[in-house]
Amino acid sequence: MEAVVLHGGQGTRLRPLTHTGPKQLLKVAGKPVSHWVIDHLRNNGIRDVVVILGDNTPMRVVEYYGDGSKFDVRIRYVYQGRARGLADAVYRVRDVVGDRFLVYLGDNLVLHDLRPLMEFRGSASVMLAKVPNPNRFGVAVIREGRIVRLVEKPKEPISDLALVGVYAFDREIFDVIENLKPSWRGELEITDAIQGLVDRGRTVEYSIIDGWWKDTGTPEDILEANMTLLDRYVQRELQGEVEGRVEGRVTLLPGSKVVNSVVRGPAFVGRNTVIRDSFVGPYTSLGDNCEVLGAEVQNSVILDNVKLHQVSIADSLVGQNSVISREDRVQRAHRIVVGENSWLSL
């Protein structure tokens, strides 16, 4: 069975970070969100992956994943270009997938067993989860054990059962999508496509999942995902140089240095990153080639090639190739979201 990973979308709620790259490549706990997705697929036995590229720097995606061999999967690419909805993205793989396939949103983290979804017998299968804010999601209405209606981001909630970002389909979905009309948002909605299967009398199976999953659509979502993944997966693995104190579960990759500093886990430190005269953690991920000098960083995601000098930040998300330094003499904790290639004096 193939899996289709969607790598499009504008990521407007994550701007300015997504002005310069796709949201699915934002790192949490040391890896891009879609890297976690591909790991999850492989761990469930799926090694044939089709990545759908959007128009937001698609070559970055290709450069990162290549043919998939370094991730122990096979990756092929299909170009969607300008976002026209999830159903449009799915339709574009009609010539490269088999009779049954999965669709996985590349900015969603669903750490649940996928085998029940993969073993579906109807025309489609979906995962559902109860949410407090259904207007952010596609939702499903269930009556007498069957899905009877689906609506994308309803203005007035009709159900609290959100569609989690993993689906399974047979090839009839392509015939349904051919006859879809754009929604009020001007897009071909996946909820309308699944509704088309329901209207044809087809069986759309579902499972309601408990526990954590995350649509990483906002800075707050990225920080929560980072916290959860660090809690679940980070190990104490010190491959760099330590001339300070490292407390708890901290991953320190080769080439990195901790000098006269405290790093408190759970935390992740990328390759060739220097931490000097600083306090880092807990729940903090630092990318590769970062420089943290005389700084405090807590509960934050710092991407690659960032310099933090004499600043205190918390609950923050900093894009790659940025420099943040302190200008005033008063030490205070700042909460910031900074895009790539920024220079900021606090």
# chains A, B, ... in the order shown; residues from 1 in each chain; ligands from 1
$ closest_atom_pairs --of "region 53-157 of chain A" --to "region 203-212 of chain A" --cutoff "6 Å" --atoms "only C-alpha atoms" --output "JSON lines"
{"residue": "A:Gly122", "atom": "CA", "partner": "A:Thr203", "partner_atom": "CA", "distance": 4.9}
{"residue": "A:Ser123", "atom": "CA", "partner": "A:Thr203", "partner_atom": "CA", "distance": 5.8}
{"residue": "A:Ala124", "atom": "CA", "partner": "A:Val204", "partner_atom": "CA", "distance": 4.8}
{"residue": "A:Ser125", "atom": "CA", "partner": "A:Glu205", "partner_atom": "CA", "distance": 4.4}
{"residue": "A:Val126", "atom": "CA", "partner": "A:Tyr206", "partner_atom": "CA", "distance": 4.8}
{"residue": "A:Met127", "atom": "CA", "partner": "A:Ser207", "partner_atom": "CA", "distance": 5.1}
{"residue": "A:Leu128", "atom": "CA", "partner": "A:Ile208", "partner_atom": "CA", "distance": 4.7}
{"residue": "A:Ala129", "atom": "CA", "partner": "A:Ile208", "partner_atom": "CA", "distance": 5.4}
$ write_last_selection --atoms "C-alpha atoms" --output "CSV table (one decimal), in the first residue's frame"
chain,number,residue,atom,x,y,z
A,122,GLY,CA,-15.2,-0.2,2.4
A,123,SER,CA,-14.6,2.7,0.0
A,124,ALA,CA,-12.9,4.8,2.6
A,125,SER,CA,-11.8,5.0,6.2
A,126,VAL,CA,-11.1,8.0,8.4
A,127,MET,CA,-9.8,8.7,11.9
A,128,LEU,CA,-11.9,11.0,14.1
A,129,ALA,CA,-11.2,12.7,17.4
$ closest_atom_pairs --of "region 56-140 of chain A" --to "region 214-231 of chain A" --cutoff "10 Å" --atoms "only C-alpha atoms" --output "Markdown table"
| residue | atom | partner | partner_atom | distance |
| --- | --- | --- | --- | --- |
| A:Leu105 | CA | A:Asp215 | CA | 8.8 |
| A:Gly106 | CA | A:Asp215 | CA | 9.3 |
| A:Asp107 | CA | A:Thr216 | CA | 5.7 |
| A:Asn108 | CA | A:Asp215 | CA | 4.5 |
| A:Leu109 | CA | A:Lys214 | CA | 5.2 |
| A:Val110 | CA | A:Lys214 | CA | 6.7 |
| A:Leu111 | CA | A:Lys214 | CA | 9.2 |
| A:Arg136 | CA | A:Asp215 | CA | 9.8 |
| A:Phe137 | CA | A:Asp215 | CA | 9.4 |
$ write_last_selection --atoms "C-alpha atoms" --output "mmCIF file, in the first residue's frame"
data_model
loop_
_atom_site.group_PDB
_atom_site.id
_atom_site.type_symbol
_atom_site.label_atom_id
_atom_site.label_comp_id
_atom_site.auth_asym_id
_atom_site.auth_seq_id
_atom_site.Cartn_x
_atom_site.Cartn_y
_atom_site.Cartn_z
ATOM 1 C CA LEU A 105 -1.446 15.488 5.917
ATOM 2 C CA GLY A 106 2.223 16.391 6.210
ATOM 3 C CA ASP A 107 1.646 18.951 8.965
ATOM 4 C CA ASN A 108 -0.287 16.566 11.223
ATOM 5 C CA LEU A 109 1.190 14.363 13.922
ATOM 6 C CA VAL A 110 -0.893 11.262 14.607
ATOM 7 C CA LEU A 111 0.999 8.855 16.840
ATOM 8 C CA ARG A 136 -10.898 24.660 12.829
ATOM 9 C CA PHE A 137 -11.418 21.220 11.277
#
$ select_by_dssp --residues "region 40-134 of chain A" --states "strand (DSSP E or B)" --output "NGL selection string"
:A and (48-54 or 74-81 or 100-105 or 108-110 or 124-130)
$ closest_residue --among "A:Asp99, A:Glu296, A:Asp72, A:Asp277" --to "Ile313 (chain A)" --atoms "only C-alpha atoms"
A:Glu296
$ select_by_dssp --residues "region 152-326 of chain A" --states "alpha helix (DSSP H)" --output "PyMOL selection string"
chain A and resi 172-178+190-199+219-233
$ residues_around --residues "Glu178 (chain A)" --least-positions-apart "6" --cutoff "12 Å" --atoms "only C-alpha atoms" --output "PyMOL selection string"
chain A and resi 87-88+90-92+94+171-172+188+192-193+196
$ write_last_selection --atoms "N, CA and C atoms" --output "JSON list (two decimals), in the first residue's frame"
[["chain", "number", "residue", "atom", "x", "y", "z"],
["A", 87, "ALA", "N", -8.83, 17.76, -1.81],
["A", 87, "ALA", "CA", -9.36, 16.82, -2.80],
["A", 87, "ALA", "C", -8.63, 16.98, -4.13],
["A", 88, "ASP", "N", -8.30, 18.20, -4.51],
["A", 88, "ASP", "CA", -7.53, 18.43, -5.73],
["A", 88, "ASP", "C", -6.16, 17.77, -5.62],
["A", 90, "VAL", "N", -5.35, 15.16, -3.79],
["A", 90, "VAL", "CA", -5.53, 13.71, -3.88],
["A", 90, "VAL", "C", -5.76, 13.29, -5.34],
["A", 91, "TYR", "N", -6.53, 14.05, -6.08],
["A", 91, "TYR", "CA", -6.83, 13.70, -7.47],
["A", 91, "TYR", "C", -5.57, 13.62, -8.33],
["A", 92, "ARG", "N", -4.56, 14.39, -7.97],
["A", 92, "ARG", "CA", -3.34, 14.44, -8.78],
["A", 92, "ARG", "C", -2.48, 13.19, -8.67],
["A", 94, "ARG", "N", -3.76, 10.13, -9.09],
["A", 94, "ARG", "CA", -4.56, 9.05, -9.66],
["A", 94, "ARG", "C", -3.75, 8.13, -10.57],
["A", 171, "ARG", "N", -10.08, 3.57, -5.29],
["A", 171, "ARG", "CA", -9.98, 4.44, -6.46],
["A", 171, "ARG", "C", -11.28, 5.15, -6.82],
["A", 172, "GLU", "N", -12.38, 4.77, -6.20],
["A", 172, "GLU", "CA", -13.63, 5.46, -6.51],
["A", 172, "GLU", "C", -13.56, 6.93, -6.11],
["A", 188, "LEU", "N", -11.51, 22.50, -3.61],
["A", 188, "LEU", "CA", -12.14, 21.18, -3.64],
["A", 188, "LEU", "C", -11.85, 20.51, -2.31],
["A", 192, "ASP", "N", -16.06, 17.14, 1.18],
["A", 192, "ASP", "CA", -17.08, 17.01, 0.14],
["A", 192, "ASP", "C", -16.87, 15.73, -0.66],
["A", 193, "ALA", "N", -15.62, 15.37, -0.89],
["A", 193, "ALA", "CA", -15.33, 14.13, -1.63],
["A", 193, "ALA", "C", -15.80, 12.91, -0.84],
["A", 196, "GLY", "N", -19.41, 12.66, -0.96],
["A", 196, "GLY", "CA", -19.85, 12.07, -2.22],
["A", 196, "GLY", "C", -19.90, 10.55, -2.16]]
$ atom_distance --atom1 "CA of Ile38 (chain A)" --atom2 "CA of Glu152 (chain A)"
25.6 Å
$ residues_around --residues "region 52-55 of chain A" --least-positions-apart "4" --cutoff "8 Å" --atoms "only C-alpha atoms" --output "list in words"
Val4, Val5, Leu6, His7, Gly8, Gly9, Val61, Tyr77, Val78, Tyr79, Gln80, Gly81, Arg82, Ala83 and Ala89 of chain A
$ residues_around --residues "Val97 (chain A)" --least-positions-apart "6" --cutoff "10 Å" --atoms "only C-alpha atoms" --output "number ranges by chain"
A: 1-4, 48-50, 170-171
$ atom_distance --atom1 "CA of Pro282 (chain A)" --atom2 "CA of Leu303 (chain A)"
16.3 Å
$ closest_residue --among "A:Leu163, A:Phe71, A:Leu317, A:Gly98" --to "Leu150 (chain A)" --atoms "only C-alpha atoms"
A:Leu163
$ atom_distance --atom1 "CA of Ile147 (chain A)" --atom2 "CA of Val164 (chain A)"
14.6 Å
$ residues_around --residues "Val141 (chain A)" --least-positions-apart "4" --cutoff "8 Å" --atoms "only C-alpha atoms" --output "PyMOL selection string"
chain A and resi 147-150+158-159+161
$ closest_residue --among "A:Gly30, A:Gly165, A:Gln239, A:Phe174" --to "Val93 (chain A)" --atoms "only C-alpha atoms"
A:Phe174
$ closest_residue --among "A:Val103, A:Val297, A:Gly287, A:Val292" --to "His309 (chain A)" --atoms "only C-alpha atoms"
A:Val292
$ closest_residue --among "A:Arg60, A:Lys31, A:Arg245, A:Lys70" --to "Val263 (chain A)" --atoms "only C-alpha atoms"
A:Arg245
$ closest_residue --among "A:Val262, A:Leu293, A:Val62, A:Ala314" --to "Gly248 (chain A)" --atoms "only C-alpha atoms"
A:Val262
